[in-house]
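Data first, discussion second: the structure below is written as structure tokens.
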Amino acid sequence: MYPYKKITVVTGHYGSGKTNYTTALALELAKTGQPVTVADFDLVNPYFRTADFKDAFAQRGITLRAPDYANTNVDIPSVQFDLGGLAAEPGYLLIDVGGDDDGAVALGRYAHVLNSYAETGELDMLAVVSFRRYLTRTAAETEQYLRSIEKASRMRLTGIVNNTNLGPETTTEMILESMPECLALSKHMQLPIICVTAPDFVPAPSIPEHTVMQVPVAVHLPWIPAVL
Amino acid sequence: MEKVLMKGNEALAEAAIRAGCKCFFGYPITPQTELSEYLSKQMPKRGGVFLQAESEVAAINMVLGAAATGTRVMTSSSSPGVSLKSEGISYIAGSDVPALIINVQRGGPGLGGIQPSQADYWQATKGLGHGDFHLIILAPNSVQEVVNLVSKAFELGETYRTPVMLLSDGLLGQMMEPVAFPDIQANEADKSGWAADGTKMARPHHIVNSLYIEANDLEEIVRRRYERYAKIEETETMAECYLTDDAEIVVTAFGATSRIVKSAVNKARAEGIKVGMFRPITLWPFPKKELNTACANAKAVLSVEMSMGQMIDDVKLALNCKLPVSFYGRTGGVIPTPNEVLDEIRKLNGGAQ
């Protein structure tokens, strides 16, 4: 496994799979025995968010911090916890940020605190990318989104997670086919590919020199049985 | 085209652009916001107009104006916003101009909530504005079907010179699914006989209006409109039948709820219960004949909805007292689970034995 830092900020185009990746990573890190806190910092999405996994996290000893009004009818972007305070606590902190630059604006509020962790090498800001997502089909299209996220958050990305997927229709071949674009993005933005994900219902692709992380598909539609 | 992953709201917006929609007028509201946001970014790049109006009332009247010129136009909102638009929708119907209206439904009444709902069925099919009129109502149940029905909606509206509503819901709008965009032929009807697009000093004025001075004239125009409605009812119904051939229990559902019902039907079939699902795709005109055919072997019918029971009225009317019709629903933004529906199917199966 990639040596995850104390703080991992998860960003990307909305719909690229940030929430599923954050959830899968939280489960992995919990296995180390270290305390793990997940911050649902999505202020733009009304449903399908990390706060959906409250019970699954509680069962595994993972602490969830989410806006008090997540999944309620209060349609107001507000946060009642302090990211700076959470960052100072021991253990891993995963921050699931809302999609696009709109979602990343809120992160900018904490840029001065979080950037100090980045300077000491205790923070990664990862871009979750999916080349099967409309409007991020290529490295060039994806880079536009990632640059706008960096600008809005006033933080710099440190790595890429290739989470290319087509929901339940994801195949191993599809993931392999996405690698040339991902490598082009990595080269052009000078960011390392931290890992390539594959949903656990397909065989893991073998990609030389890259870590493949098999992930449970936690984010699901109401008629698909929950896996967590 | 290769499949991509898209949210229902953005897929709808993209499909509208590809279907030749040239103007969008709207006002933001959850859970339809991604739809107008997508159009705000894409329309200016692709030869269209996006305009955020000062209110829903203003937006729908801009739609009427653009529609009167024969321009492909749409608006979108969620439940409370659609109520505000209802006066303008009545004017559009009364003016015999085509327009596409999207409702990504949320819980109500009043301000209600932002979670998914289907409680605007009555409003859409029976009372979206004052006066004698109908809208064609299309109710897709997947992101792919949303895409497929958008160009159809524009075409139907132009063929019959009527407003068309695509009735979505928060779940369908917010969820992501694989989707492919078919090559859309944006077939536009001939609008030269009525569009107020400039006489070029070569023809008499085209007047787009819903006011008639004489009662007899208004009656005549309404009657002619109803002749078109009769033709729509005869030729434009759409429905999906799932495992209904031998079904002793038929569950009716539309939109996203039908996905939950299909899952429950599959579970019940695994238990040996002869159950199927009937899904109207056009809510008006309601596919009455198709429902009766689907219920040929049925002993009981169950309507499942995200409301307190609204479509059940049309199901009963269509069946004309031939079969007992019961109801199961959740409302206020609560989504029924496949197991809840399965329990209802089991109860009906026990009762039938």
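Lettering and numbering for the structure tokens are positional, with chains as A, B, ... in the shown order, residues counted from 1 in each chain, and ligands counted from 1 in the shown order.
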
Item to complete: With a cut-off of 9 Å and counting only C-alpha atoms, select all residues of chain B in contact with chain A and give the selection as a ChimeraX atom specification.
Response: /B:2-7,30-31,112-115,171,174-178,259-264,333,335-338

Fill in: Which of range 17-175 of chain A DSSP labels strand (DSSP E), written as a ChimeraX atom specification
/A:36-41,63-65,92-97,123-129,159-162

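Minimum distance to Ala70 in chain A across A:Met174, A:Val44, A:Leu185, A:Ile193 (counting only C-alpha atoms) occurs at A:Val44.
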
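Every protein, DNA or RNA residue with an atom at most 8 Å from Ala104 in chain A, where only C-alpha atoms count and chain neighbours fewer than 6 positions away do not, is listed here: Thr11, Val97, Gly98, Ile149, Glu150, Ala152 and Ser153 of chain A.
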
Practice prompt. Return the single residue from A:His210, A:His188, A:Arg147, A:Arg49 that is closest to Thr22 in chain A, with distances computed using only C-alpha atoms.
Written response: A:Arg49

Fill in: Near-Leu156 in chain B list (9 Å; only C-alpha atoms; drop same-chain fewer than 5 positions) as an MDAnalysis selection string
chainID B and resid 98 136 151 161:164 236

Output for the residues just chosen: N, CA, C and O atoms as a PDB file, in the first residue's frame:
```pdb
ATOM      1  N   PRO B  98     -45.085  24.923 -28.564  1.00  0.00           N
ATOM      2  CA  PRO B  98     -44.355  23.845 -27.907  1.00  0.00           C
ATOM      3  C   PRO B  98     -43.269  24.369 -26.982  1.00  0.00           C
ATOM      4  O   PRO B  98     -42.622  25.372 -27.284  1.00  0.00           O
ATOM      5  N   ILE B 136     -48.332  16.763 -22.389  1.00  0.00           N
ATOM      6  CA  ILE B 136     -47.808  15.405 -22.516  1.00  0.00           C
ATOM      7  C   ILE B 136     -46.787  15.236 -21.396  1.00  0.00           C
ATOM      8  O   ILE B 136     -45.918  16.097 -21.222  1.00  0.00           O
ATOM      9  N   SER B 151     -35.197  14.238 -26.844  1.00  0.00           N
ATOM     10  CA  SER B 151     -35.463  14.644 -28.230  1.00  0.00           C
ATOM     11  C   SER B 151     -36.898  14.287 -28.605  1.00  0.00           C
ATOM     12  O   SER B 151     -37.572  15.032 -29.322  1.00  0.00           O
ATOM     13  N   ARG B 161     -48.065  20.882 -31.123  1.00  0.00           N
ATOM     14  CA  ARG B 161     -48.084  22.278 -30.632  1.00  0.00           C
ATOM     15  C   ARG B 161     -48.595  22.349 -29.196  1.00  0.00           C
ATOM     16  O   ARG B 161     -49.569  23.025 -28.887  1.00  0.00           O
ATOM     17  N   THR B 162     -47.867  21.670 -28.326  1.00  0.00           N
ATOM     18  CA  THR B 162     -48.285  21.606 -26.926  1.00  0.00           C
ATOM     19  C   THR B 162     -47.055  21.601 -26.021  1.00  0.00           C
ATOM     20  O   THR B 162     -46.009  21.097 -26.414  1.00  0.00           O
ATOM     21  N   PRO B 163     -47.176  22.158 -24.816  1.00  0.00           N
ATOM     22  CA  PRO B 163     -46.074  21.990 -23.861  1.00  0.00           C
ATOM     23  C   PRO B 163     -45.952  20.522 -23.445  1.00  0.00           C
ATOM     24  O   PRO B 163     -46.959  19.812 -23.365  1.00  0.00           O
ATOM     25  N   VAL B 164     -44.712  20.095 -23.212  1.00  0.00           N
ATOM     26  CA  VAL B 164     -44.424  18.724 -22.779  1.00  0.00           C
ATOM     27  C   VAL B 164     -43.638  18.810 -21.492  1.00  0.00           C
ATOM     28  O   VAL B 164     -42.746  19.655 -21.362  1.00  0.00           O
ATOM     29  N   GLU B 236     -49.851   8.015 -28.907  1.00  0.00           N
ATOM     30  CA  GLU B 236     -48.563   8.332 -28.289  1.00  0.00           C
ATOM     31  C   GLU B 236     -48.306   7.684 -26.926  1.00  0.00           C
ATOM     32  O   GLU B 236     -47.373   8.059 -26.225  1.00  0.00           O
TER      33      GLU B 236
END
```

Worksheet item: A:Tyr69, A:Phe41, A:Phe53, A:Phe201: which is nearest Ala24 in chain A, counting only C-alpha atoms?
Response: A:Phe53

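Interatomic distance, CA of Ile232 in chain B to CA of Glu56 in chain B: 28.6 Å.
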
Fill in: Residues of range 4-221 of chain A in helix (DSSP H, G or I), written as number ranges by chain
A: 18-30, 50-59, 83-88, 100-108, 111-119, 139-153, 172-189

Fill in: Atom pair CA of Gly157 in chain B / CA of Tyr226 in chain B: separation (Å)
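Between CA of Gly157 in chain B and CA of Tyr226 in chain B the gap is 14.7 Å.
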
Practice prompt. Tell me which protein, DNA and RNA residues are within 12 Å of Gly61 in chain A, counting only C-alpha atoms, leaving out same-chain ones fewer than 5 positions away, and put them as an NGL selection string.
Written response: :A and (26-27 or 29-38 or 54-56)

Save out the residues we just selected, C-alpha atoms, as a compact mmCIF listing (two decimals), in the first residue's frame.
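Writing the result to out21.txt gives the following:
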```
# COMPACT_ATOMS: atom_id res chain seq x y z
CA ALA A 26 -10.89 4.78 5.50
CA LEU A 27 -11.63 1.05 5.78
CA LEU A 29 -6.42 2.66 7.10
CA ALA A 30 -8.63 1.48 9.98
CA LYS A 31 -6.96 -1.94 9.63
CA THR A 32 -3.63 -0.38 10.74
CA GLY A 33 -5.09 0.13 14.23
CA GLN A 34 -4.47 3.88 14.09
CA PRO A 35 -7.41 6.20 14.76
CA VAL A 36 -9.11 7.26 11.50
CA THR A 37 -11.34 10.30 11.09
CA VAL A 38 -13.34 11.01 7.93
CA LYS A 54 -22.19 6.69 9.34
CA ASP A 55 -23.15 3.24 10.67
CA ALA A 56 -20.55 1.35 8.64
```

Worksheet entry | Residue contacts of Ser78 in chain A (9 Å, only C-alpha atoms) excluding same-chain residues fewer than 3 positions away, as a PyMOL selection string | chain A and resi 43+67-69

Worksheet item: Which distance in Å separates CA of Lys200 in chain B and CA of Gly70 in chain B, to one decimal?
Response: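 CA of Lys200 in chain B sits 15.6 Å away from CA of Gly70 in chain B.
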
Discussion item. Need the shell around Ala196 in chain B: protein/DNA/RNA residues with any atom at most 8 Å away, counting only C-alpha atoms. Skip same-chain ones fewer than 3 positions apart. Format as a list in words?
Written reply: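 The contact residues come out as Ala68, Thr69, Gly70, Thr199, His205, His206, Ile207 and Val208 of chain B.
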
Worksheet, complete the sentence: The residue from B:Phe327, B:Tyr212, B:Phe50, B:Tyr229 with the smallest atom-to-atom distance to Thr252 in chain B, counting only C-alpha atoms, is B:Phe327

Worksheet item: In terms of the shortest atom-to-atom distance over only C-alpha atoms, which of A:Ala127, A:Ile62, A:Ala118, A:Leu93 is closest to Val10 in chain A?
Response: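 Residue with the minimum atom-to-atom distance to Val10 in chain A: A:Ala127.
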